[in-house]
Amino acid sequence: MQFNQTMIDEFTLLAKFPLTSKMQGLKLHSDADESLLNAAQRLFDKGIIDSPDGGYLTDLGLDLIEHVTVLHSALGS
């Protein structure tokens, strides 16, 4: 198994979502990095976030953010 840049961009965007409240989301502005904008669209298309420019995590997104957090903790320095 290998992580490609597309997956890393999606992990990066997921990691930006607030973990303290399910009622908080994020909004990407049109001048955001193109890789994050593209990642947001892909995550929206997959049903992980509820808006193509960020928004809130769906139930699937909430499950995935837990895994991203574990990966980050385990691999972080």
# chains A, B, ... in the order shown; residues from 1 in each chain; ligands from 1

$ residues_around --residues "Phe11 in chain A" --least-positions-apart "5" --cutoff "12 Å" --atoms "only C-alpha atoms" --output "PyMOL selection string"
chain A and resi 3-6+16-17+35-36+39-40+42-43+48+61+64-72

$ residues_around --residues "Ala32 in chain A" --least-positions-apart "5" --cutoff "12 Å" --atoms "only C-alpha atoms" --output "PDB file with N, CA, C and O atoms, in the first residue's frame"
ATOM      1  N   LEU A  13      -6.431  18.049   4.324  1.00  0.00           N
ATOM      2  CA  LEU A  13      -7.662  18.822   4.491  1.00  0.00           C
ATOM      3  C   LEU A  13      -8.489  18.284   5.655  1.00  0.00           C
ATOM      4  O   LEU A  13      -8.980  19.064   6.479  1.00  0.00           O
ATOM      5  N   LYS A  27     -14.403  26.603   5.897  1.00  0.00           N
ATOM      6  CA  LYS A  27     -14.762  27.176   4.605  1.00  0.00           C
ATOM      7  C   LYS A  27     -13.476  27.484   3.861  1.00  0.00           C
ATOM      8  O   LYS A  27     -12.624  28.204   4.352  1.00  0.00           O
ATOM      9  N   LEU A  37      -8.439  22.866  -2.567  1.00  0.00           N
ATOM     10  CA  LEU A  37      -9.737  23.023  -3.239  1.00  0.00           C
ATOM     11  C   LEU A  37     -10.131  21.737  -3.969  1.00  0.00           C
ATOM     12  O   LEU A  37     -11.281  21.300  -3.888  1.00  0.00           O
ATOM     13  N   ASN A  38      -9.160  21.130  -4.644  1.00  0.00           N
ATOM     14  CA  ASN A  38      -9.434  19.873  -5.350  1.00  0.00           C
ATOM     15  C   ASN A  38      -9.734  18.749  -4.363  1.00  0.00           C
ATOM     16  O   ASN A  38     -10.623  17.922  -4.610  1.00  0.00           O
ATOM     17  N   ALA A  39      -8.997  18.724  -3.260  1.00  0.00           N
ATOM     18  CA  ALA A  39      -9.239  17.705  -2.227  1.00  0.00           C
ATOM     19  C   ALA A  39     -10.647  17.865  -1.660  1.00  0.00           C
ATOM     20  O   ALA A  39     -11.346  16.864  -1.436  1.00  0.00           O
ATOM     21  N   ALA A  40     -11.069  19.100  -1.433  1.00  0.00           N
ATOM     22  CA  ALA A  40     -12.414  19.338  -0.904  1.00  0.00           C
ATOM     23  C   ALA A  40     -13.471  18.817  -1.864  1.00  0.00           C
ATOM     24  O   ALA A  40     -14.444  18.177  -1.444  1.00  0.00           O
ATOM     25  N   ASP A  53     -16.765  23.149  -0.833  1.00  0.00           N
ATOM     26  CA  ASP A  53     -15.755  24.107  -0.370  1.00  0.00           C
ATOM     27  C   ASP A  53     -15.512  23.974   1.137  1.00  0.00           C
ATOM     28  O   ASP A  53     -15.104  24.919   1.796  1.00  0.00           O
ATOM     29  N   GLY A  54     -15.758  22.792   1.663  1.00  0.00           N
ATOM     30  CA  GLY A  54     -15.519  22.548   3.088  1.00  0.00           C
ATOM     31  C   GLY A  54     -16.789  22.127   3.781  1.00  0.00           C
ATOM     32  O   GLY A  54     -17.251  21.007   3.634  1.00  0.00           O
TER      33      GLY A  54
END

$ atom_distance --atom1 "CA of Leu19 in chain A" --atom2 "CA of Met1 in chain A"
27.3 Å

$ select_by_dssp --residues "range 28-67 of chain A" --states "alpha helix (DSSP H)" --output "compact mmCIF listing (two decimals) with all heavy atoms, in the first residue's frame"
# COMPACT_ATOMS: atom_id res chain seq x y z
N GLU A 34 -4.77 25.34 -4.54
CA GLU A 34 -5.54 24.53 -5.48
C GLU A 34 -5.62 23.07 -5.04
O GLU A 34 -6.64 22.41 -5.24
CB GLU A 34 -4.94 24.62 -6.88
CG GLU A 34 -5.77 23.92 -7.92
CD GLU A 34 -5.25 24.11 -9.34
OE1 GLU A 34 -4.38 24.98 -9.56
OE2 GLU A 34 -5.73 23.38 -10.23
N SER A 35 -4.57 22.55 -4.42
CA SER A 35 -4.60 21.15 -3.99
C SER A 35 -5.66 20.94 -2.91
O SER A 35 -6.31 19.89 -2.89
CB SER A 35 -3.22 20.71 -3.49
OG SER A 35 -2.85 21.42 -2.32
N LEU A 36 -5.87 21.92 -2.04
CA LEU A 36 -6.91 21.81 -1.01
C LEU A 36 -8.30 21.96 -1.62
O LEU A 36 -9.23 21.26 -1.22
CB LEU A 36 -6.69 22.84 0.09
CG LEU A 36 -5.49 22.61 1.00
CD1 LEU A 36 -5.40 23.71 2.05
CD2 LEU A 36 -5.55 21.25 1.66
N LEU A 37 -8.44 22.87 -2.57
CA LEU A 37 -9.74 23.02 -3.24
C LEU A 37 -10.13 21.74 -3.97
O LEU A 37 -11.28 21.30 -3.89
CB LEU A 37 -9.69 24.20 -4.22
CG LEU A 37 -9.56 25.59 -3.61
CD1 LEU A 37 -9.28 26.63 -4.69
CD2 LEU A 37 -10.81 25.95 -2.82
N ASN A 38 -9.16 21.13 -4.64
CA ASN A 38 -9.43 19.87 -5.35
C ASN A 38 -9.73 18.75 -4.36
O ASN A 38 -10.62 17.92 -4.61
CB ASN A 38 -8.26 19.50 -6.25
CG ASN A 38 -8.10 20.45 -7.42
OD1 ASN A 38 -9.04 21.09 -7.86
ND2 ASN A 38 -6.88 20.57 -7.91
N ALA A 39 -9.00 18.72 -3.26
CA ALA A 39 -9.24 17.70 -2.23
C ALA A 39 -10.65 17.86 -1.66
O ALA A 39 -11.35 16.86 -1.44
CB ALA A 39 -8.20 17.81 -1.12
N ALA A 40 -11.07 19.10 -1.43
CA ALA A 40 -12.41 19.34 -0.90
C ALA A 40 -13.47 18.82 -1.86
O ALA A 40 -14.44 18.18 -1.44
CB ALA A 40 -12.62 20.83 -0.63
N GLN A 41 -13.30 19.06 -3.13
CA GLN A 41 -14.27 18.56 -4.11
C GLN A 41 -14.32 17.04 -4.10
O GLN A 41 -15.40 16.45 -4.14
CB GLN A 41 -13.92 19.07 -5.53
CG GLN A 41 -14.91 18.64 -6.59
CD GLN A 41 -16.30 19.21 -6.37
OE1 GLN A 41 -16.46 20.42 -6.27
NE2 GLN A 41 -17.31 18.36 -6.29
N ARG A 42 -13.15 16.40 -4.04
CA ARG A 42 -13.13 14.93 -4.00
C ARG A 42 -13.80 14.40 -2.73
O ARG A 42 -14.56 13.43 -2.79
CB ARG A 42 -11.70 14.41 -4.10
CG ARG A 42 -11.07 14.59 -5.47
CD ARG A 42 -9.75 13.86 -5.60
NE ARG A 42 -8.76 14.22 -4.60
CZ ARG A 42 -7.92 15.24 -4.70
NH1 ARG A 42 -7.93 16.01 -5.79
NH2 ARG A 42 -7.04 15.48 -3.75
N LEU A 43 -13.51 15.02 -1.58
CA LEU A 43 -14.11 14.58 -0.32
C LEU A 43 -15.63 14.77 -0.35
O LEU A 43 -16.37 13.94 0.15
CB LEU A 43 -13.49 15.32 0.86
CG LEU A 43 -12.03 14.99 1.16
CD1 LEU A 43 -11.50 15.89 2.27
CD2 LEU A 43 -11.85 13.52 1.52
N PHE A 44 -16.07 15.86 -0.96
CA PHE A 44 -17.51 16.09 -1.13
C PHE A 44 -18.12 15.01 -2.02
O PHE A 44 -19.16 14.42 -1.70
CB PHE A 44 -17.75 17.48 -1.71
CG PHE A 44 -19.18 17.73 -2.07
CD1 PHE A 44 -20.15 17.91 -1.10
CD2 PHE A 44 -19.57 17.78 -3.41
CE1 PHE A 44 -21.48 18.14 -1.44
CE2 PHE A 44 -20.88 18.01 -3.76
CZ PHE A 44 -21.85 18.19 -2.77
N ASP A 45 -17.46 14.72 -3.14
CA ASP A 45 -17.95 13.71 -4.07
C ASP A 45 -18.05 12.33 -3.42
O ASP A 45 -18.92 11.53 -3.77
CB ASP A 45 -17.06 13.62 -5.31
CG ASP A 45 -17.12 14.86 -6.18
OD1 ASP A 45 -18.07 15.67 -6.05
OD2 ASP A 45 -16.19 15.04 -7.01
N ASP A 59 -21.22 11.90 8.68
CA ASP A 59 -20.96 10.80 9.61
C ASP A 59 -19.72 10.00 9.17
O ASP A 59 -18.88 9.64 10.00
CB ASP A 59 -22.16 9.87 9.72
CG ASP A 59 -23.31 10.51 10.49
OD1 ASP A 59 -23.08 11.47 11.26
OD2 ASP A 59 -24.46 10.04 10.33
N LEU A 60 -19.61 9.76 7.88
CA LEU A 60 -18.43 9.07 7.36
C LEU A 60 -17.18 9.89 7.63
O LEU A 60 -16.15 9.36 8.04
CB LEU A 60 -18.59 8.81 5.86
CG LEU A 60 -17.38 8.22 5.14
CD1 LEU A 60 -16.95 6.89 5.76
CD2 LEU A 60 -17.68 8.07 3.65
N GLY A 61 -17.27 11.19 7.42
CA GLY A 61 -16.13 12.07 7.68
C GLY A 61 -15.71 12.06 9.14
O GLY A 61 -14.52 12.07 9.46
N LEU A 62 -16.69 12.03 10.03
CA LEU A 62 -16.38 11.97 11.46
C LEU A 62 -15.65 10.68 11.81
O LEU A 62 -14.70 10.69 12.62
CB LEU A 62 -17.65 12.11 12.30
CG LEU A 62 -18.32 13.48 12.25
CD1 LEU A 62 -19.72 13.41 12.86
CD2 LEU A 62 -17.46 14.51 12.96
N ASP A 63 -16.04 9.58 11.20
CA ASP A 63 -15.33 8.31 11.41
C ASP A 63 -13.90 8.40 10.87
O ASP A 63 -12.95 7.98 11.52
CB ASP A 63 -16.05 7.16 10.72
CG ASP A 63 -17.35 6.76 11.41
OD1 ASP A 63 -17.53 7.10 12.60
OD2 ASP A 63 -18.18 6.11 10.74
N LEU A 64 -13.75 8.96 9.69
CA LEU A 64 -12.43 9.03 9.07
C LEU A 64 -11.49 9.96 9.81
O LEU A 64 -10.29 9.67 9.91
CB LEU A 64 -12.56 9.48 7.61
CG LEU A 64 -13.19 8.47 6.66
CD1 LEU A 64 -13.35 9.07 5.28
CD2 LEU A 64 -12.36 7.21 6.60
N ILE A 65 -11.99 11.06 10.35
CA ILE A 65 -11.12 12.00 11.05
C ILE A 65 -10.50 11.35 12.27
O ILE A 65 -9.37 11.65 12.65
CB ILE A 65 -11.85 13.32 11.40
CG1 ILE A 65 -10.87 14.41 11.83
CG2 ILE A 65 -12.86 13.13 12.48
CD1 ILE A 65 -9.97 14.91 10.76
N GLU A 66 -11.21 10.41 12.88
CA GLU A 66 -10.62 9.68 14.01
C GLU A 66 -9.41 8.87 13.54
O GLU A 66 -8.38 8.84 14.22
CB GLU A 66 -11.66 8.76 14.63
CG GLU A 66 -12.76 9.48 15.36
CD GLU A 66 -13.82 8.55 15.93
OE1 GLU A 66 -13.49 7.36 16.17
OE2 GLU A 66 -14.95 9.00 16.11
N HIS A 67 -9.51 8.25 12.39
CA HIS A 67 -8.40 7.46 11.86
C HIS A 67 -7.24 8.37 11.43
O HIS A 67 -6.08 8.04 11.67
CB HIS A 67 -8.87 6.60 10.69
CG HIS A 67 -9.87 5.58 11.08
ND1 HIS A 67 -9.57 4.46 11.80
CD2 HIS A 67 -11.21 5.52 10.84
CE1 HIS A 67 -10.65 3.75 12.01
NE2 HIS A 67 -11.67 4.37 11.44

$ atom_distance --atom1 "CA of His29 in chain A" --atom2 "CA of Ile49 in chain A"
15.6 Å
